[in-house]
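First up is the structure itself, then whatever we jot down about it.
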Amino acid sequence: MSGLLKRAVDLVVVMLCVATMVFVLLRAIPGDPVLIMGGLDNIDAAAVERARTEMGLDRSLPEQYAIWVGALLRGDLGASLRSGSRVGTLIAEALPITLQLGGMALLIGLAISVPAGIAAARRAGTARDAGITALAIVGISTPPFVIAMALIYLFAVVLQALPTSGYVPFAEDPVANLRHMILPALTLGLVAAGVLVRMMRRCVLDELGEDYVRLARSKGIPESQVTYRHAARNAMIPFVTIVGIEAGILLSGAVITETLFAVPGLGRLMVDNINQRDYPVVQGAVLVTAIIYVLINSGVDALYAILDPRVGARARSRGE
Amino acid sequence: MTSIHARRDILKAGGVALAAAGLPLAIGGPAQAQAAGGTLRIGVQENFASLDPYKRIGRLDYNGVINVFDTLVTYGKDYVPQPMLAESWTLVNPTTWRFSLRKDVVFHDDTPFDAAAAKYSVDKARAGQFGSQFRAISEVIVVDASTIEVRCSAPFPTILVQLAQQYASMVSPKAYEAAGDNFGRQPVGSGPFKLQSFEPNRQLVLTRNDKYWRKDAQGRAMPYLAGLTWRVMPDGETASLALQNNEIDFLYAVPLAFAGVLARNANLVVDEAPTVGWEYIMFNCSTAPFDNRHLRRALQLAVDRQAIVETVSFGRARPAFGPITPGSWAYDKSIETGGLYGARAAKDAARRELAAAGVPNGFEFTLVHPSSSTFNAMAQALQAQLGEIGVKVNLQGKQIGAVLDDLFGSKFQALMIDWGGRIDEALVFPAFFGTGGGNNFGKYSNPEVDRLVAAAGEAPDIAARSRLYQQAQKLITEDSAHVWLTVPSEIKAYARRVRGFVNFGDWRLRAETITLGS
């Protein structure tokens, strides 16, 4: 109970810090939202002044900040300067898309990296290990847009099996949804897999050098059991930390991939609106990202307790 | 295949007669024997913001607006005003316009379009984003159910052009009142298409308005298509692939780099028309070094426009010779050879100007420009070209927001940027070249130009206005308030089965004339 409370307090503190930072940083970037939105076609000085008043941008920064945080505390993220749409609505539209994409990518990344990492660790130093490691490095060092274009070219242009880009809501047509999502998820999943394979291999290798593994082997336990039941399971604890970081990256929106595949997710929402200097939208989107990170961290901590009973026991003894 | 719409020299004065005669909109009819129906799938590279015509919305949004709403006045490819929801108009006295409205128009919510709706809409436009453009209007009066009178505080000769803009669209007052701030997501107009669904970052789906008032020359009901689906595809390359892959029928804006590839595809048409805009360098005429007219002229002469068009724009633009663009009724082709400068650099003449300024070996200045791929390439080309006459250019590429800050604050020596243009010179000349004009951030001033522009604003007919703007243009180019570089093209690409699209060069996709073959 008190553990939950502590988490909640953490969340509020993180949110307030993030809120303040994003507010200040956004206004530190040169570029006036009114001028950018109007572009060159709307340069009338009177119109610019009026727009600034309507948007509340003529007020002092502390005043703007107080108004925004005040609304935030009431659960109101404000409205887009450009379109007047509620920021909450824009995020509610984009977030599920990004969560689906990030979730699929993470599953793909894990499905590849866990077996491949264990396989590499079991045969460390052999050609198989070198091959897996080389592929992982290719995955890490290839920019996502190259992977994306290669996938589009192969699956959409040559094989004509999948659409090049676009998005269909799951509720509208589940099959079409998956057909559109698979390539962007694969793009992100392959990049994530590169990182995760290396980590999985390292973590398993560390465990395989431990005394308990040597003991298990000396007792005659078959090597596959040693690897999977003992080493791999313990390797999961450090590995989960890395997965948590990857999940944070994937679930907070992948700008380039979402842009290339025309997926209207959180990453695109954020970048489009940074370019437009649509302050309330960016502020709202960054806050949601921060919340996602905090929640993932909590999830990782909870997973520790499951994977390593000692962690759970320690936490209970401290009364968390 | 590339079809470049040749500039039409017609209708310098003839267009007025046509509009006055009240002829129906003279846009080309569809190819014969095309079955009506089908949904046109259009790929666009930006997000939509809103379809509320009076809000701060962008160029792409106006493409939704033009298909959902009508305006009182419209214009053809020659940019000359024509009747639309207003059947005819008269100037009752120098400051009062009277508009007779069509009686057969209903909004998508089945409420009738009448004088009250027209007054409501014009009043909304006056209070909207571009309200300052209607500042001369003092009052809109309902005379009877199908007549309104617009009273102005001063002569307002460009009222017809202004009422033809999408920001003066006619909305259903009932729907607008009911929706309030949400109108942008649930727009109700009287246009050829009506809203089906709208997700600004994903897609806009419009369906045929079966009660649309317009008929084509053969008396058939318009529009022909069953619907339009606008899909947001932010990446130019994937959008181009989607077109080649038949996932979309029409690419709204073809990135320069992909136009060549698409043009080589036998199933596609690449359609290019000059826009009314420019890519140009604005000088700050109020401070050194460019308060010196000779230095401005030196750069003007040293620039090789043709080389920029060929290398930076891949040949898909035109050299710009002054503020009047090739599609305008005021354009005079003789400027291409008879002006101060041509498409090619005139280095000797440029060196003479440097000598006259007392810096025969050149000088140094800073050029601010947006750090986009096109402008970066253009800036490097300019740096090399001007280097040949000894002028050293320090390039300062910045994010567009920072460039606009510099521009609006007149904090630059020279600044390169583009301007989308306006369809009427009266909306360009006073703003850019009038002393104290709203876009005149370089503080250019020439009393003779002011006089000519004022006279053109009140001139009775297009022939007289053309003459006056051409005279003003001559002075402005000789003063070299700007260096005009290129007139960019509006480049569309679409499947061969798409017929009847007319590229106006104003970045508006008018879908009511389009048919879709098999």
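In the structure tokens, each chain is lettered A, B, ... as it comes, each chain's residues begin at 1, and ligands are numbered from 1 in order of appearance.
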Next on the checklist: Quick check: residues of chain A within 9 Å of chain B, only C-alpha atoms, returned as a count of residues only.
Outcome noted: 52
Next on the checklist: Need to verify the contact set: Asp332 in chain B, 12 Å, only C-alpha atoms, exclusion of same-chain residues closer than 2 positions in sequence. Can you return it as a VMD selection string?
Outcome noted: chain B and resid 7 to 9 12 321 to 330 334 to 339 463 466 to 471 473 to 474
Next on the checklist: As an exercise, work out the distance from CA of Gln162 in chain B to CA of Glu177 in chain B in Å and give it to one decimal place.
Outcome noted: 23.8 Å
If you run DSSP over the backbone, which residues in range 217-292 of chain B end up strand (DSSP E or B)? Put them as a PDB file with N, CA, C and O atoms, in the first residue's frame.
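Result file follows (out16.pdb):
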```pdb
ATOM      1  N   ALA B 221     -25.373  16.232 -63.789  1.00  0.00           N
ATOM      2  CA  ALA B 221     -25.150  16.671 -62.414  1.00  0.00           C
ATOM      3  C   ALA B 221     -23.680  16.512 -62.041  1.00  0.00           C
ATOM      4  O   ALA B 221     -23.021  15.551 -62.431  1.00  0.00           O
ATOM      5  N   GLY B 227     -16.952   9.752 -54.229  1.00  0.00           N
ATOM      6  CA  GLY B 227     -16.328  10.246 -53.007  1.00  0.00           C
ATOM      7  C   GLY B 227     -14.843  10.502 -53.166  1.00  0.00           C
ATOM      8  O   GLY B 227     -14.253  10.207 -54.215  1.00  0.00           O
ATOM      9  N   LEU B 228     -14.272  11.080 -52.134  1.00  0.00           N
ATOM     10  CA  LEU B 228     -12.840  11.384 -52.085  1.00  0.00           C
ATOM     11  C   LEU B 228     -12.299  10.873 -50.762  1.00  0.00           C
ATOM     12  O   LEU B 228     -12.910  11.106 -49.723  1.00  0.00           O
ATOM     13  N   THR B 229     -11.165  10.186 -50.809  1.00  0.00           N
ATOM     14  CA  THR B 229     -10.498   9.814 -49.566  1.00  0.00           C
ATOM     15  C   THR B 229      -9.111  10.437 -49.577  1.00  0.00           C
ATOM     16  O   THR B 229      -8.319  10.169 -50.478  1.00  0.00           O
ATOM     17  N   TRP B 230      -8.854  11.298 -48.611  1.00  0.00           N
ATOM     18  CA  TRP B 230      -7.542  11.940 -48.509  1.00  0.00           C
ATOM     19  C   TRP B 230      -6.771  11.199 -47.445  1.00  0.00           C
ATOM     20  O   TRP B 230      -7.195  11.156 -46.289  1.00  0.00           O
ATOM     21  N   ARG B 231      -5.657  10.587 -47.827  1.00  0.00           N
ATOM     22  CA  ARG B 231      -4.865   9.841 -46.859  1.00  0.00           C
ATOM     23  C   ARG B 231      -3.597  10.605 -46.530  1.00  0.00           C
ATOM     24  O   ARG B 231      -2.882  11.026 -47.437  1.00  0.00           O
ATOM     25  N   VAL B 232      -3.341  10.729 -45.248  1.00  0.00           N
ATOM     26  CA  VAL B 232      -2.127  11.419 -44.819  1.00  0.00           C
ATOM     27  C   VAL B 232      -0.950  10.454 -44.896  1.00  0.00           C
ATOM     28  O   VAL B 232      -0.951   9.406 -44.252  1.00  0.00           O
ATOM     29  N   PHE B 250      -3.900   9.492 -56.661  1.00  0.00           N
ATOM     30  CA  PHE B 250      -3.551  10.893 -56.891  1.00  0.00           C
ATOM     31  C   PHE B 250      -2.599  11.339 -55.786  1.00  0.00           C
ATOM     32  O   PHE B 250      -2.878  11.136 -54.603  1.00  0.00           O
ATOM     33  N   LEU B 251      -1.487  11.908 -56.178  1.00  0.00           N
ATOM     34  CA  LEU B 251      -0.539  12.435 -55.188  1.00  0.00           C
ATOM     35  C   LEU B 251      -0.636  13.961 -55.213  1.00  0.00           C
ATOM     36  O   LEU B 251      -0.346  14.588 -56.228  1.00  0.00           O
ATOM     37  N   LEU B 268       1.203   6.571 -65.129  1.00  0.00           N
ATOM     38  CA  LEU B 268       0.970   7.791 -64.361  1.00  0.00           C
ATOM     39  C   LEU B 268       1.108   9.029 -65.230  1.00  0.00           C
ATOM     40  O   LEU B 268       1.803   9.028 -66.249  1.00  0.00           O
ATOM     41  N   VAL B 269       0.428  10.085 -64.803  1.00  0.00           N
ATOM     42  CA  VAL B 269       0.568  11.391 -65.420  1.00  0.00           C
ATOM     43  C   VAL B 269       1.214  12.308 -64.393  1.00  0.00           C
ATOM     44  O   VAL B 269       0.776  12.336 -63.238  1.00  0.00           O
ATOM     45  N   VAL B 270       2.256  13.002 -64.781  1.00  0.00           N
ATOM     46  CA  VAL B 270       2.795  14.043 -63.914  1.00  0.00           C
ATOM     47  C   VAL B 270       2.362  15.375 -64.501  1.00  0.00           C
ATOM     48  O   VAL B 270       2.612  15.668 -65.656  1.00  0.00           O
ATOM     49  N   ASP B 271       1.655  16.133 -63.715  1.00  0.00           N
ATOM     50  CA  ASP B 271       0.982  17.334 -64.192  1.00  0.00           C
ATOM     51  C   ASP B 271       1.576  18.531 -63.465  1.00  0.00           C
ATOM     52  O   ASP B 271       1.534  18.613 -62.247  1.00  0.00           O
ATOM     53  N   GLU B 272       2.136  19.441 -64.233  1.00  0.00           N
ATOM     54  CA  GLU B 272       2.915  20.528 -63.640  1.00  0.00           C
ATOM     55  C   GLU B 272       2.373  21.861 -64.121  1.00  0.00           C
ATOM     56  O   GLU B 272       2.154  22.042 -65.312  1.00  0.00           O
ATOM     57  N   ALA B 273       2.121  22.773 -63.204  1.00  0.00           N
ATOM     58  CA  ALA B 273       1.659  24.112 -63.587  1.00  0.00           C
ATOM     59  C   ALA B 273       2.420  25.135 -62.753  1.00  0.00           C
ATOM     60  O   ALA B 273       2.709  24.896 -61.585  1.00  0.00           O
ATOM     61  N   PRO B 274       2.751  26.282 -63.359  1.00  0.00           N
ATOM     62  CA  PRO B 274       3.442  27.298 -62.559  1.00  0.00           C
ATOM     63  C   PRO B 274       2.520  27.817 -61.465  1.00  0.00           C
ATOM     64  O   PRO B 274       1.316  27.962 -61.669  1.00  0.00           O
ATOM     65  N   TRP B 278       6.884  32.703 -55.488  1.00  0.00           N
ATOM     66  CA  TRP B 278       8.293  32.817 -55.859  1.00  0.00           C
ATOM     67  C   TRP B 278       9.158  32.198 -54.786  1.00  0.00           C
ATOM     68  O   TRP B 278       8.818  32.159 -53.622  1.00  0.00           O
ATOM     69  N   GLU B 279      10.371  31.810 -55.207  1.00  0.00           N
ATOM     70  CA  GLU B 279      11.484  31.627 -54.288  1.00  0.00           C
ATOM     71  C   GLU B 279      12.372  32.832 -54.535  1.00  0.00           C
ATOM     72  O   GLU B 279      12.693  33.127 -55.693  1.00  0.00           O
ATOM     73  N   TYR B 280      12.737  33.550 -53.498  1.00  0.00           N
ATOM     74  CA  TYR B 280      13.371  34.853 -53.732  1.00  0.00           C
ATOM     75  C   TYR B 280      14.262  35.238 -52.562  1.00  0.00           C
ATOM     76  O   TYR B 280      14.210  34.622 -51.493  1.00  0.00           O
ATOM     77  N   ILE B 281      15.064  36.258 -52.782  1.00  0.00           N
ATOM     78  CA  ILE B 281      15.870  36.831 -51.699  1.00  0.00           C
ATOM     79  C   ILE B 281      15.310  38.214 -51.417  1.00  0.00           C
ATOM     80  O   ILE B 281      15.150  39.035 -52.332  1.00  0.00           O
ATOM     81  N   MET B 282      14.979  38.461 -50.159  1.00  0.00           N
ATOM     82  CA  MET B 282      14.545  39.806 -49.788  1.00  0.00           C
ATOM     83  C   MET B 282      15.750  40.546 -49.208  1.00  0.00           C
ATOM     84  O   MET B 282      16.483  40.002 -48.386  1.00  0.00           O
ATOM     85  N   PHE B 283      15.970  41.769 -49.697  1.00  0.00           N
ATOM     86  CA  PHE B 283      17.053  42.596 -49.158  1.00  0.00           C
ATOM     87  C   PHE B 283      16.529  43.479 -48.049  1.00  0.00           C
ATOM     88  O   PHE B 283      15.392  43.962 -48.127  1.00  0.00           O
TER      89      PHE B 283
END
```
Item to check | Shell of 8 Å around Thr98 in chain A, only C-alpha atoms, local chain residues under 4 positions omitted, as JSON, numbers by chain | outcome: {"A": [94, 102, 251, 252, 253, 254, 265, 266, 267]}
Export, as a CSV table (one decimal), in the first residue's frame, the selected residues with N, CA, C and O atoms.
```csv
chain,number,residue,atom,x,y,z
A,94,ALA,N,-4.0,9.1,-30.7
A,94,ALA,CA,-2.6,8.7,-31.1
A,94,ALA,C,-2.1,7.6,-30.2
A,94,ALA,O,-1.4,6.7,-30.7
A,102,GLY,N,4.2,-0.2,-30.7
A,102,GLY,CA,5.4,-0.5,-29.8
A,102,GLY,C,5.3,-1.9,-29.2
A,102,GLY,O,6.3,-2.6,-29.1
A,251,LEU,N,7.4,2.5,-26.8
A,251,LEU,CA,6.0,2.9,-26.5
A,251,LEU,C,5.8,4.4,-26.5
A,251,LEU,O,4.6,4.8,-26.4
A,252,SER,N,6.8,5.1,-26.6
A,252,SER,CA,6.6,6.6,-26.6
A,252,SER,C,6.6,7.2,-28.0
A,252,SER,O,6.7,8.4,-28.2
A,253,GLY,N,6.6,6.3,-28.9
A,253,GLY,CA,6.4,6.8,-30.3
A,253,GLY,C,7.7,6.8,-31.1
A,253,GLY,O,8.7,7.3,-30.6
A,254,ALA,N,7.6,6.2,-32.3
A,254,ALA,CA,8.8,6.2,-33.1
A,254,ALA,C,8.6,7.1,-34.3
A,254,ALA,O,7.9,6.8,-35.2
A,265,GLY,N,0.6,8.0,-35.0
A,265,GLY,CA,0.9,7.7,-33.6
A,265,GLY,C,1.4,8.9,-32.8
A,265,GLY,O,1.5,10.1,-33.3
A,266,LEU,N,1.9,8.6,-31.6
A,266,LEU,CA,2.3,9.7,-30.7
A,266,LEU,C,3.6,10.4,-31.1
A,266,LEU,O,3.7,11.6,-31.0
A,267,GLY,N,4.5,9.6,-31.7
A,267,GLY,CA,5.8,10.2,-32.2
A,267,GLY,C,5.5,11.3,-33.2
A,267,GLY,O,6.1,12.4,-33.2
```
Checklist entry - Skipping near chain neighbours, those fewer than 2 positions away, what residues fall within 12 Å of Ala493 in chain B using only C-alpha atoms, listed as a PyMOL selection string? => result chain B and resi 1-4+42-44+239-244+248-256+258-273+490-491+495-499+501+503
For the helix (DSSP H, G or I) assignment from backbone DSSP, which residues of range 19-261 of chain B qualify? Please present them as a short mmCIF file (atom, residue, chain, number, x, y, z; two decimals) with N, CA, C and O atoms, in the first residue's frame.
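result.cif written:
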```cif
data_model
loop_
_atom_site.label_atom_id
_atom_site.label_comp_id
_atom_site.auth_asym_id
_atom_site.auth_seq_id
_atom_site.Cartn_x
_atom_site.Cartn_y
_atom_site.Cartn_z
N ALA B 19 -17.06 36.89 -67.25
CA ALA B 19 -17.67 36.87 -65.93
C ALA B 19 -18.93 37.71 -65.92
O ALA B 19 -19.96 37.31 -65.37
N ALA B 20 -18.87 38.85 -66.58
CA ALA B 20 -20.02 39.75 -66.56
C ALA B 20 -21.20 39.11 -67.27
O ALA B 20 -22.35 39.33 -66.91
N ARG B 59 -2.75 25.48 -46.00
CA ARG B 59 -2.99 25.27 -47.43
C ARG B 59 -3.71 23.95 -47.69
O ARG B 59 -4.65 23.90 -48.47
N LEU B 60 -3.28 22.88 -47.01
CA LEU B 60 -3.91 21.59 -47.24
C LEU B 60 -5.39 21.62 -46.81
O LEU B 60 -6.25 21.11 -47.50
N ASP B 61 -5.65 22.24 -45.65
CA ASP B 61 -7.02 22.29 -45.15
C ASP B 61 -7.96 22.95 -46.16
O ASP B 61 -9.10 22.55 -46.32
N TYR B 62 -7.43 23.97 -46.86
CA TYR B 62 -8.28 24.66 -47.84
C TYR B 62 -8.70 23.72 -48.97
O TYR B 62 -9.68 23.96 -49.66
N ASN B 63 -7.95 22.63 -49.18
CA ASN B 63 -8.35 21.64 -50.18
C ASN B 63 -9.56 20.85 -49.73
O ASN B 63 -10.39 20.46 -50.55
N GLY B 64 -9.65 20.62 -48.43
CA GLY B 64 -10.88 20.03 -47.92
C GLY B 64 -12.00 21.03 -48.01
O GLY B 64 -13.11 20.73 -48.47
N VAL B 65 -11.70 22.27 -47.59
CA VAL B 65 -12.71 23.32 -47.55
C VAL B 65 -13.31 23.56 -48.94
O VAL B 65 -14.52 23.68 -49.10
N ILE B 66 -12.45 23.61 -49.98
CA ILE B 66 -12.97 23.97 -51.32
C ILE B 66 -13.91 22.90 -51.85
O ILE B 66 -14.76 23.17 -52.69
N ASN B 67 -13.79 21.67 -51.36
CA ASN B 67 -14.68 20.61 -51.83
C ASN B 67 -15.94 20.47 -50.98
O ASN B 67 -16.91 19.86 -51.41
N VAL B 68 -15.92 21.02 -49.78
CA VAL B 68 -17.09 20.93 -48.89
C VAL B 68 -17.93 22.21 -48.94
O VAL B 68 -19.13 22.17 -48.74
N ALA B 115 -29.97 34.74 -48.31
CA ALA B 115 -29.25 35.98 -48.00
C ALA B 115 -28.80 36.01 -46.54
O ALA B 115 -27.71 36.49 -46.23
N ALA B 116 -29.64 35.44 -45.65
CA ALA B 116 -29.26 35.44 -44.24
C ALA B 116 -28.00 34.59 -44.01
O ALA B 116 -27.10 34.97 -43.25
N ALA B 117 -27.94 33.44 -44.71
CA ALA B 117 -26.76 32.58 -44.58
C ALA B 117 -25.52 33.27 -45.16
O ALA B 117 -24.42 33.16 -44.62
N ALA B 118 -25.73 33.99 -46.27
CA ALA B 118 -24.60 34.69 -46.89
C ALA B 118 -24.08 35.79 -45.97
O ALA B 118 -22.87 35.95 -45.78
N LYS B 119 -25.00 36.53 -45.38
CA LYS B 119 -24.58 37.58 -44.44
C LYS B 119 -23.85 36.96 -43.25
O LYS B 119 -22.79 37.44 -42.84
N TYR B 120 -24.43 35.88 -42.73
CA TYR B 120 -23.81 35.20 -41.58
C TYR B 120 -22.37 34.82 -41.92
O TYR B 120 -21.44 35.06 -41.16
N SER B 121 -22.20 34.23 -43.10
CA SER B 121 -20.88 33.72 -43.49
C SER B 121 -19.88 34.86 -43.71
O SER B 121 -18.73 34.78 -43.28
N VAL B 122 -20.32 35.90 -44.40
CA VAL B 122 -19.40 37.02 -44.63
C VAL B 122 -19.01 37.65 -43.30
O VAL B 122 -17.84 38.00 -43.07
N ASP B 123 -19.98 37.77 -42.40
CA ASP B 123 -19.65 38.34 -41.08
C ASP B 123 -18.66 37.44 -40.33
O ASP B 123 -17.76 37.93 -39.64
N LYS B 124 -18.83 36.11 -40.47
CA LYS B 124 -17.87 35.19 -39.84
C LYS B 124 -16.48 35.37 -40.45
O LYS B 124 -15.47 35.36 -39.73
N ALA B 125 -16.44 35.51 -41.76
CA ALA B 125 -15.16 35.70 -42.43
C ALA B 125 -14.48 36.99 -41.95
O ALA B 125 -13.27 37.04 -41.76
N ARG B 126 -15.29 38.02 -41.73
CA ARG B 126 -14.73 39.30 -41.27
C ARG B 126 -14.14 39.16 -39.88
O ARG B 126 -13.22 39.88 -39.51
N ALA B 127 -14.69 38.23 -39.10
CA ALA B 127 -14.19 38.03 -37.74
C ALA B 127 -13.13 36.93 -37.68
O ALA B 127 -12.60 36.63 -36.63
N GLY B 131 -9.72 38.13 -41.37
CA GLY B 131 -10.65 39.24 -41.22
C GLY B 131 -10.08 40.56 -41.68
O GLY B 131 -10.80 41.41 -42.22
N SER B 132 -8.78 40.74 -41.50
CA SER B 132 -8.19 42.03 -41.88
C SER B 132 -8.32 42.28 -43.38
O SER B 132 -8.31 43.43 -43.82
N GLN B 133 -8.47 41.21 -44.17
CA GLN B 133 -8.63 41.40 -45.61
C GLN B 133 -9.98 42.03 -45.94
O GLN B 133 -10.19 42.53 -47.04
N PHE B 134 -10.90 41.97 -44.99
CA PHE B 134 -12.25 42.52 -45.22
C PHE B 134 -12.48 43.79 -44.43
O PHE B 134 -13.61 44.19 -44.19
N ILE B 159 -12.80 43.23 -53.68
CA ILE B 159 -13.77 42.45 -52.90
C ILE B 159 -14.09 41.11 -53.58
O ILE B 159 -14.25 40.09 -52.92
N LEU B 160 -14.15 41.12 -54.93
CA LEU B 160 -14.52 39.88 -55.62
C LEU B 160 -13.45 38.81 -55.43
O LEU B 160 -13.76 37.63 -55.20
N VAL B 161 -12.20 39.23 -55.53
CA VAL B 161 -11.10 38.29 -55.31
C VAL B 161 -11.14 37.75 -53.89
O VAL B 161 -10.96 36.56 -53.64
N GLN B 162 -11.40 38.65 -52.95
CA GLN B 162 -11.43 38.23 -51.54
C GLN B 162 -12.58 37.26 -51.28
O GLN B 162 -12.41 36.28 -50.54
N LEU B 163 -13.74 37.53 -51.87
CA LEU B 163 -14.88 36.64 -51.64
C LEU B 163 -14.71 35.31 -52.34
O LEU B 163 -15.46 34.36 -52.08
N GLN B 166 -11.09 30.76 -49.97
CA GLN B 166 -11.74 29.76 -49.12
C GLN B 166 -12.05 30.30 -47.72
O GLN B 166 -12.95 29.81 -47.05
N TYR B 167 -11.31 31.32 -47.28
CA TYR B 167 -11.62 31.87 -45.96
C TYR B 167 -12.90 32.70 -45.96
O TYR B 167 -13.30 33.23 -44.93
N ALA B 168 -13.52 32.84 -47.15
CA ALA B 168 -14.82 33.50 -47.21
C ALA B 168 -15.90 32.49 -47.63
O ALA B 168 -16.88 32.85 -48.27
N PRO B 173 -25.43 28.33 -41.29
CA PRO B 173 -25.43 29.02 -39.99
C PRO B 173 -25.92 28.11 -38.87
O PRO B 173 -25.39 28.13 -37.76
N LYS B 174 -26.92 27.29 -39.19
CA LYS B 174 -27.48 26.41 -38.16
C LYS B 174 -26.41 25.44 -37.65
O LYS B 174 -26.20 25.28 -36.45
N ALA B 175 -25.69 24.83 -38.61
CA ALA B 175 -24.66 23.86 -38.22
C ALA B 175 -23.52 24.56 -37.50
O ALA B 175 -22.96 24.03 -36.54
N TYR B 176 -23.17 25.76 -37.96
CA TYR B 176 -22.04 26.46 -37.33
C TYR B 176 -22.37 26.82 -35.89
O TYR B 176 -21.54 26.66 -35.00
N GLU B 177 -23.58 27.29 -35.68
CA GLU B 177 -23.99 27.65 -34.31
C GLU B 177 -24.02 26.42 -33.42
O GLU B 177 -23.61 26.47 -32.26
N ALA B 178 -24.51 25.31 -34.00
CA ALA B 178 -24.63 24.10 -33.17
C ALA B 178 -23.27 23.52 -32.82
O ALA B 178 -23.05 23.05 -31.71
N ALA B 179 -22.33 23.58 -33.77
CA ALA B 179 -21.05 22.90 -33.56
C ALA B 179 -20.05 23.75 -32.79
O ALA B 179 -19.20 23.22 -32.08
N GLY B 180 -20.12 25.06 -32.94
CA GLY B 180 -19.16 25.93 -32.25
C GLY B 180 -17.73 25.58 -32.64
O GLY B 180 -17.41 25.45 -33.82
N ASP B 181 -16.89 25.36 -31.63
CA ASP B 181 -15.48 25.09 -31.88
C ASP B 181 -15.24 23.76 -32.59
O ASP B 181 -14.16 23.51 -33.09
N ASN B 182 -16.26 22.90 -32.61
CA ASN B 182 -16.08 21.60 -33.27
C ASN B 182 -16.40 21.63 -34.75
O ASN B 182 -16.32 20.61 -35.43
N PHE B 183 -16.78 22.80 -35.28
CA PHE B 183 -17.19 22.88 -36.68
C PHE B 183 -16.09 22.39 -37.61
O PHE B 183 -16.36 21.80 -38.65
N GLY B 184 -14.85 22.63 -37.21
CA GLY B 184 -13.71 22.21 -38.04
C GLY B 184 -13.64 20.71 -38.26
O GLY B 184 -13.02 20.24 -39.20
N ARG B 185 -14.27 19.95 -37.36
CA ARG B 185 -14.26 18.50 -37.51
C ARG B 185 -15.59 17.99 -38.04
O ARG B 185 -15.73 16.81 -38.35
N GLY B 236 7.41 11.51 -48.42
CA GLY B 236 7.27 11.63 -49.87
C GLY B 236 7.59 10.35 -50.61
O GLY B 236 6.94 10.02 -51.60
N GLU B 237 8.57 9.63 -50.11
CA GLU B 237 8.97 8.42 -50.83
C GLU B 237 7.91 7.32 -50.71
O GLU B 237 7.55 6.70 -51.70
N THR B 238 7.39 7.11 -49.49
CA THR B 238 6.35 6.08 -49.37
C THR B 238 5.10 6.50 -50.12
O THR B 238 4.43 5.67 -50.72
N ALA B 239 4.81 7.81 -50.12
CA ALA B 239 3.63 8.27 -50.85
C ALA B 239 3.81 8.00 -52.34
O ALA B 239 2.88 7.56 -53.02
N SER B 240 5.01 8.24 -52.86
CA SER B 240 5.27 7.98 -54.28
C SER B 240 5.15 6.48 -54.58
O SER B 240 4.59 6.09 -55.61
N LEU B 241 5.65 5.66 -53.66
CA LEU B 241 5.52 4.21 -53.85
C LEU B 241 4.06 3.77 -53.82
O LEU B 241 3.64 2.93 -54.60
N ALA B 242 3.29 4.39 -52.91
CA ALA B 242 1.87 4.03 -52.81
C ALA B 242 1.15 4.35 -54.12
O ALA B 242 0.27 3.60 -54.55
N LEU B 243 1.54 5.45 -54.77
CA LEU B 243 0.93 5.81 -56.05
C LEU B 243 1.32 4.78 -57.11
O LEU B 243 0.47 4.29 -57.86
N GLN B 244 2.59 4.43 -57.16
CA GLN B 244 3.04 3.45 -58.16
C GLN B 244 2.43 2.09 -57.91
O GLN B 244 2.25 1.30 -58.81
N LEU B 256 9.98 17.23 -55.46
CA LEU B 256 10.81 17.43 -56.66
C LEU B 256 11.65 16.19 -56.98
O LEU B 256 11.76 15.79 -58.13
N ALA B 257 12.20 15.57 -55.93
CA ALA B 257 13.14 14.48 -56.15
C ALA B 257 12.46 13.25 -56.77
O ALA B 257 13.13 12.42 -57.37
N PHE B 258 11.14 13.13 -56.64
CA PHE B 258 10.47 11.93 -57.12
C PHE B 258 9.71 12.16 -58.43
O PHE B 258 9.19 11.22 -59.02
N ALA B 259 9.64 13.43 -58.86
CA ALA B 259 8.86 13.73 -60.06
C ALA B 259 9.39 12.95 -61.27
O ALA B 259 8.62 12.43 -62.07
N GLY B 260 10.71 12.86 -61.39
CA GLY B 260 11.30 12.18 -62.54
C GLY B 260 10.93 10.71 -62.59
O GLY B 260 10.52 10.20 -63.64
N VAL B 261 11.02 10.05 -61.45
CA VAL B 261 10.69 8.62 -61.38
C VAL B 261 9.24 8.40 -61.78
O VAL B 261 8.91 7.52 -62.57
#
```
Checklist entry - What is the distance between CA of Leu427 in chain B and CA of Tyr75 in chain B, in Å to one decimal? => result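 We find that CA of Leu427 in chain B and CA of Tyr75 in chain B lie 15.1 Å from each other.
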Checklist entry - What lies within 7 Å of Gly139 in chain A using only C-alpha atoms, ignoring chain neighbours under 4 positions off, as a PyMOL selection string? => result chain A and resi 135+190-191+194
Would you mind exporting the chosen residues as a short mmCIF file (atom, residue, chain, number, x, y, z; two decimals), in the first residue's frame, restricted to C-alpha atoms?
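This went into selection-v1.cif:
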```
data_model
loop_
_atom_site.label_atom_id
_atom_site.label_comp_id
_atom_site.auth_asym_id
_atom_site.auth_seq_id
_atom_site.Cartn_x
_atom_site.Cartn_y
_atom_site.Cartn_z
CA LEU A 135 23.56 -9.91 -37.47
CA LEU A 190 14.43 -5.67 -35.85
CA VAL A 191 16.23 -2.62 -34.47
CA GLY A 194 19.75 -6.06 -32.40
#
```
